[in-house]
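Participant: Take this structure first; my questions come after.
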Amino acid sequence: MINRRQVLIGAAVASAGLKAPAVMAQANNEVVVGVLFPMSGPSAQIGIDGRAAVETAVEIANGAHDINLPTAKNAGLAGLNNAKIRLVFADHQGDPQKGRAEAERLITQDKVCAIVGAYHSSVSSTASISCERYETPFVIPDSTSPNLTKRGLKYQFRTTPHDEMFSIAMFDFLDAQRKAGKDVKTVAVFHEDTIFGTDSSKVQIKLAQERGYQVVAQVKYRANSPSLTAEVQQLKSANADVLLPTSYSTDAILLVRTMAELGYKPKNILAQAAGFADQAVYDAVGDKLNGLLSRAAFALDLAAKRPSIATVNNMFKARANRDLNDNTSRQFMAMVVLADAIDRAKSTKGPAIREALAATNIPGDQTIMPWTKCAFDSDGQNQYGDPVLIQYVDKKWVTVFPESVATGKAIWPMNG
């Protein structure tokens, strides 16, 4: 029960605006965290699976589990007298302005002490500005536009590698194939027109030119387009050695179906994850994607080296009825990193959590990712999120690059 003194304290800090969430959370012995995902619209399944991912992370933080992850051993956050985390979810529907408004609502009405989100880079771009204004940490699990962490924000932190880091790994893989004698000379860049696609394409074209690959097609399309016939015809005519698509889920499904209709079978597809990491895409058109390669931040087949992967996957699967993938693993891990920071901050005040996040130094073996560790630079970017490349073979993912973590060799070309 909240006593009179706590009520008076809560009222006093409420008049100051931004400090009220912290005091009330402590008074109720709970930590309120906002989660901003697309829960409806074209990317709804991403949000639904993301909810299961962060709920799994909170289940671990709130209970006592024999898992080698931060906050797992203790029931609740020890730094806050075993307080439990309570999640409040918001749906941005893939709309940047809706995302901005929902972030502000979570802070001012739901009194969250931090927010995790938001999948779409365009939404993270606007929501993070609201969080900055209210001195509320915003932790990005999955938005990969490189520019997000080049805006001088102090309350934004990104646990995942960004597209420049991912793209370097992709071209390192292409270089390795070329060195092994494979015929890899030309690439076609295919991307949607939001910040995610445009930033990804710029990085890939720059790297292709630097590494000596000819860009025979750069095809930009409108996100959530009703037709991709003209665009696929351009790709088919270019007939590049490697197709590099950057698309969200509904567009990825439409792309693959249109390619089948027009008889276009790329020699190789090397995807920038996103839609091509979503199980919904493989449920719909997986029979046409055997041999597809994707960059990734996670690999389920590394469980032999990181036993916590199997344990966490079982917990997640009990909620979502599917395995962890590139998206959900990152969403899970971001919530773990945030819980660890709140625990070390011993506070639910935004500035204290921000300082704890900035001091994060989690060893790689205390994550479920193939990272060397999680630690943020001055821009709030985790510089140690080592990417991997995975290949879809016989309805499962196989890690094929780099060799140090590979569990199989790449099938190349995918359509020989």
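Residue numbering restarts at 1 in every chain; chains get A, B, ... in the order shown in the structure tokens, and ligands count up from 1 in that same order.
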Could you give me, as a PyMOL selection string, each residue of stretch 242-331 of chain A that DSSP assigns to alpha helix (DSSP H) when run on this structure's backbone?
Facilitator: chain A and resi 249-261+279-285+308-320+326-331
Participant: Neighbouring residues of stretch 243-259 of chain A were defined as those with any atom within 6 Å, considering only C-alpha atoms; residues of the same chain fewer than 2 positions away were excluded. Please report them as an mmCIF file with C-alpha atoms, in the first residue's frame.
Facilitator:
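Written out: result27.cif:
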```cif
data_model
loop_
_atom_site.group_PDB
_atom_site.id
_atom_site.type_symbol
_atom_site.label_atom_id
_atom_site.label_comp_id
_atom_site.auth_asym_id
_atom_site.auth_seq_id
_atom_site.Cartn_x
_atom_site.Cartn_y
_atom_site.Cartn_z
ATOM 1 C CA VAL A 187 25.162 -6.938 -58.197
ATOM 2 C CA ALA A 188 21.642 -5.521 -58.387
ATOM 3 C CA VAL A 189 20.409 -3.331 -55.515
ATOM 4 C CA PHE A 190 16.664 -3.484 -54.833
ATOM 5 C CA HIS A 191 15.251 -1.377 -51.989
ATOM 6 C CA GLU A 192 12.157 0.242 -50.576
ATOM 7 C CA GLY A 197 15.917 1.109 -47.799
ATOM 8 C CA ASN A 224 3.832 -1.417 -49.594
ATOM 9 C CA GLU A 261 5.279 -15.134 -62.160
ATOM 10 C CA LEU A 262 7.853 -13.545 -64.484
ATOM 11 C CA GLY A 263 10.219 -16.507 -64.463
ATOM 12 C CA TYR A 264 13.055 -14.638 -62.792
ATOM 13 C CA ILE A 269 19.970 -13.572 -53.270
ATOM 14 C CA LEU A 270 21.786 -11.922 -50.365
ATOM 15 C CA ALA A 271 19.175 -10.098 -48.297
ATOM 16 C CA GLN A 272 19.385 -7.278 -45.769
ATOM 17 C CA ALA A 274 14.106 -7.369 -42.272
ATOM 18 C CA GLY A 275 11.277 -9.070 -44.203
ATOM 19 C CA VAL A 281 7.603 -14.675 -45.456
#
```
Participant: When distances are computed from only C-alpha atoms, which of A:Ile85, A:Val285, A:Leu292, A:Val219 shows the smallest separation from A:Val242?
Facilitator: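 Looking at the shortest contact to A:Val242, the residue is A:Leu292.
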Participant: If we count only C-alpha atoms and set the cut-off at 9 Å, which residues sit around stretch 57-69 of chain A, ignoring sequence neighbours fewer than 5 positions away in its own chain? Please answer as a ChimeraX atom specification.
Facilitator: /A:52,74-77,82-87,307-308,311-312,316,331-336,339-340,365-368
Participant: Put those residues in a file: N, CA and C atoms, as an mmCIF file, in the first residue's frame.
Facilitator:
```cif
data_model
loop_
_atom_site.group_PDB
_atom_site.id
_atom_site.type_symbol
_atom_site.label_atom_id
_atom_site.label_comp_id
_atom_site.auth_asym_id
_atom_site.auth_seq_id
_atom_site.Cartn_x
_atom_site.Cartn_y
_atom_site.Cartn_z
ATOM 1 N N ALA A 52 6.188 -11.283 -27.834
ATOM 2 C CA ALA A 52 6.583 -12.544 -27.189
ATOM 3 C C ALA A 52 8.054 -12.523 -26.803
ATOM 4 N N ASN A 74 18.452 -13.765 -10.195
ATOM 5 C CA ASN A 74 17.646 -13.206 -9.115
ATOM 6 C C ASN A 74 16.199 -13.014 -9.563
ATOM 7 N N ALA A 75 15.257 -13.243 -8.670
ATOM 8 C CA ALA A 75 13.838 -13.019 -8.968
ATOM 9 C C ALA A 75 13.533 -11.535 -8.815
ATOM 10 N N GLY A 76 13.487 -10.818 -9.912
ATOM 11 C CA GLY A 76 13.304 -9.375 -9.867
ATOM 12 C C GLY A 76 14.640 -8.669 -9.972
ATOM 13 N N LEU A 77 14.604 -7.348 -9.997
ATOM 14 C CA LEU A 77 15.810 -6.540 -10.126
ATOM 15 C C LEU A 77 16.392 -6.275 -8.736
ATOM 16 N N ASN A 82 14.300 -6.090 -5.646
ATOM 17 C CA ASN A 82 13.601 -7.185 -6.343
ATOM 18 C C ASN A 82 12.320 -6.730 -7.049
ATOM 19 N N ALA A 83 12.312 -5.468 -7.467
ATOM 20 C CA ALA A 83 11.151 -4.951 -8.206
ATOM 21 C C ALA A 83 10.966 -5.745 -9.501
ATOM 22 N N LYS A 84 9.725 -5.865 -9.919
ATOM 23 C CA LYS A 84 9.376 -6.579 -11.138
ATOM 24 C C LYS A 84 9.132 -5.587 -12.275
ATOM 25 N N ILE A 85 9.448 -6.008 -13.474
ATOM 26 C CA ILE A 85 9.212 -5.186 -14.664
ATOM 27 C C ILE A 85 7.792 -5.417 -15.164
ATOM 28 N N ARG A 86 7.104 -4.329 -15.463
ATOM 29 C CA ARG A 86 5.789 -4.415 -16.115
ATOM 30 C C ARG A 86 5.866 -3.722 -17.458
ATOM 31 N N LEU A 87 5.423 -4.394 -18.505
ATOM 32 C CA LEU A 87 5.487 -3.860 -19.860
ATOM 33 C C LEU A 87 4.171 -3.191 -20.253
ATOM 34 N N PRO A 307 24.874 -22.257 -24.766
ATOM 35 C CA PRO A 307 23.743 -23.077 -24.299
ATOM 36 C C PRO A 307 22.498 -22.261 -23.939
ATOM 37 N N SER A 308 22.672 -20.994 -23.573
ATOM 38 C CA SER A 308 21.506 -20.185 -23.213
ATOM 39 C C SER A 308 20.562 -20.009 -24.394
ATOM 40 N N THR A 311 17.825 -22.681 -24.256
ATOM 41 C CA THR A 311 16.905 -22.451 -23.141
ATOM 42 C C THR A 311 15.948 -21.314 -23.453
ATOM 43 N N VAL A 312 16.506 -20.205 -23.926
ATOM 44 C CA VAL A 312 15.673 -19.050 -24.253
ATOM 45 C C VAL A 312 14.739 -19.367 -25.417
ATOM 46 N N PHE A 316 10.731 -18.889 -25.472
ATOM 47 C CA PHE A 316 10.071 -18.063 -26.483
ATOM 48 C C PHE A 316 9.075 -18.881 -27.288
ATOM 49 N N GLN A 331 15.211 -8.348 -30.361
ATOM 50 C CA GLN A 331 14.224 -7.717 -29.486
ATOM 51 C C GLN A 331 14.354 -8.262 -28.056
ATOM 52 N N PHE A 332 14.544 -9.560 -27.948
ATOM 53 C CA PHE A 332 14.775 -10.175 -26.642
ATOM 54 C C PHE A 332 16.013 -9.571 -25.987
ATOM 55 N N MET A 333 17.103 -9.501 -26.726
ATOM 56 C CA MET A 333 18.376 -9.081 -26.150
ATOM 57 C C MET A 333 18.346 -7.616 -25.743
ATOM 58 N N ALA A 334 17.654 -6.772 -26.494
ATOM 59 C CA ALA A 334 17.554 -5.362 -26.126
ATOM 60 C C ALA A 334 16.861 -5.202 -24.779
ATOM 61 N N MET A 335 15.826 -6.001 -24.545
ATOM 62 C CA MET A 335 15.126 -5.934 -23.261
ATOM 63 C C MET A 335 16.022 -6.417 -22.127
ATOM 64 N N VAL A 336 16.838 -7.438 -22.389
ATOM 65 C CA VAL A 336 17.796 -7.916 -21.385
ATOM 66 C C VAL A 336 18.801 -6.816 -21.043
ATOM 67 N N ALA A 339 17.067 -4.150 -18.947
ATOM 68 C CA ALA A 339 16.830 -4.627 -17.580
ATOM 69 C C ALA A 339 18.114 -4.589 -16.768
ATOM 70 N N ASP A 340 19.203 -4.999 -17.391
ATOM 71 C CA ASP A 340 20.506 -4.966 -16.724
ATOM 72 C C ASP A 340 20.885 -3.539 -16.332
ATOM 73 N N ASP A 365 29.404 -14.068 -23.995
ATOM 74 C CA ASP A 365 28.839 -15.337 -23.544
ATOM 75 C C ASP A 365 27.689 -15.149 -22.561
ATOM 76 N N GLN A 366 27.392 -13.884 -22.210
ATOM 77 C CA GLN A 366 26.208 -13.590 -21.410
ATOM 78 C C GLN A 366 25.090 -12.995 -22.269
ATOM 79 N N THR A 367 25.145 -13.309 -23.560
ATOM 80 C CA THR A 367 24.083 -12.947 -24.496
ATOM 81 C C THR A 367 23.685 -14.212 -25.260
ATOM 82 N N ILE A 368 22.648 -14.100 -26.079
ATOM 83 C CA ILE A 368 22.292 -15.217 -26.972
ATOM 84 C C ILE A 368 22.754 -14.932 -28.398
#
```
Participant: Counting only C-alpha atoms, which residues of stretch 34-71 of chain A sit at most 12 Å from some atom of stretch 142-149 of chain A, and what is each one's closest atom pair with its distance in Å to one decimal, listed by chain and rising residue number, as CSV?
Facilitator:
```
residue,atom,partner,partner_atom,distance
A:Leu36,CA,A:Asp142,CA,11.7
A:Phe37,CA,A:Asp142,CA,10.6
A:Ile46,CA,A:Asp142,CA,10.8
A:Gly47,CA,A:Asp142,CA,11.6
A:Gly50,CA,A:Asp142,CA,10.2
```
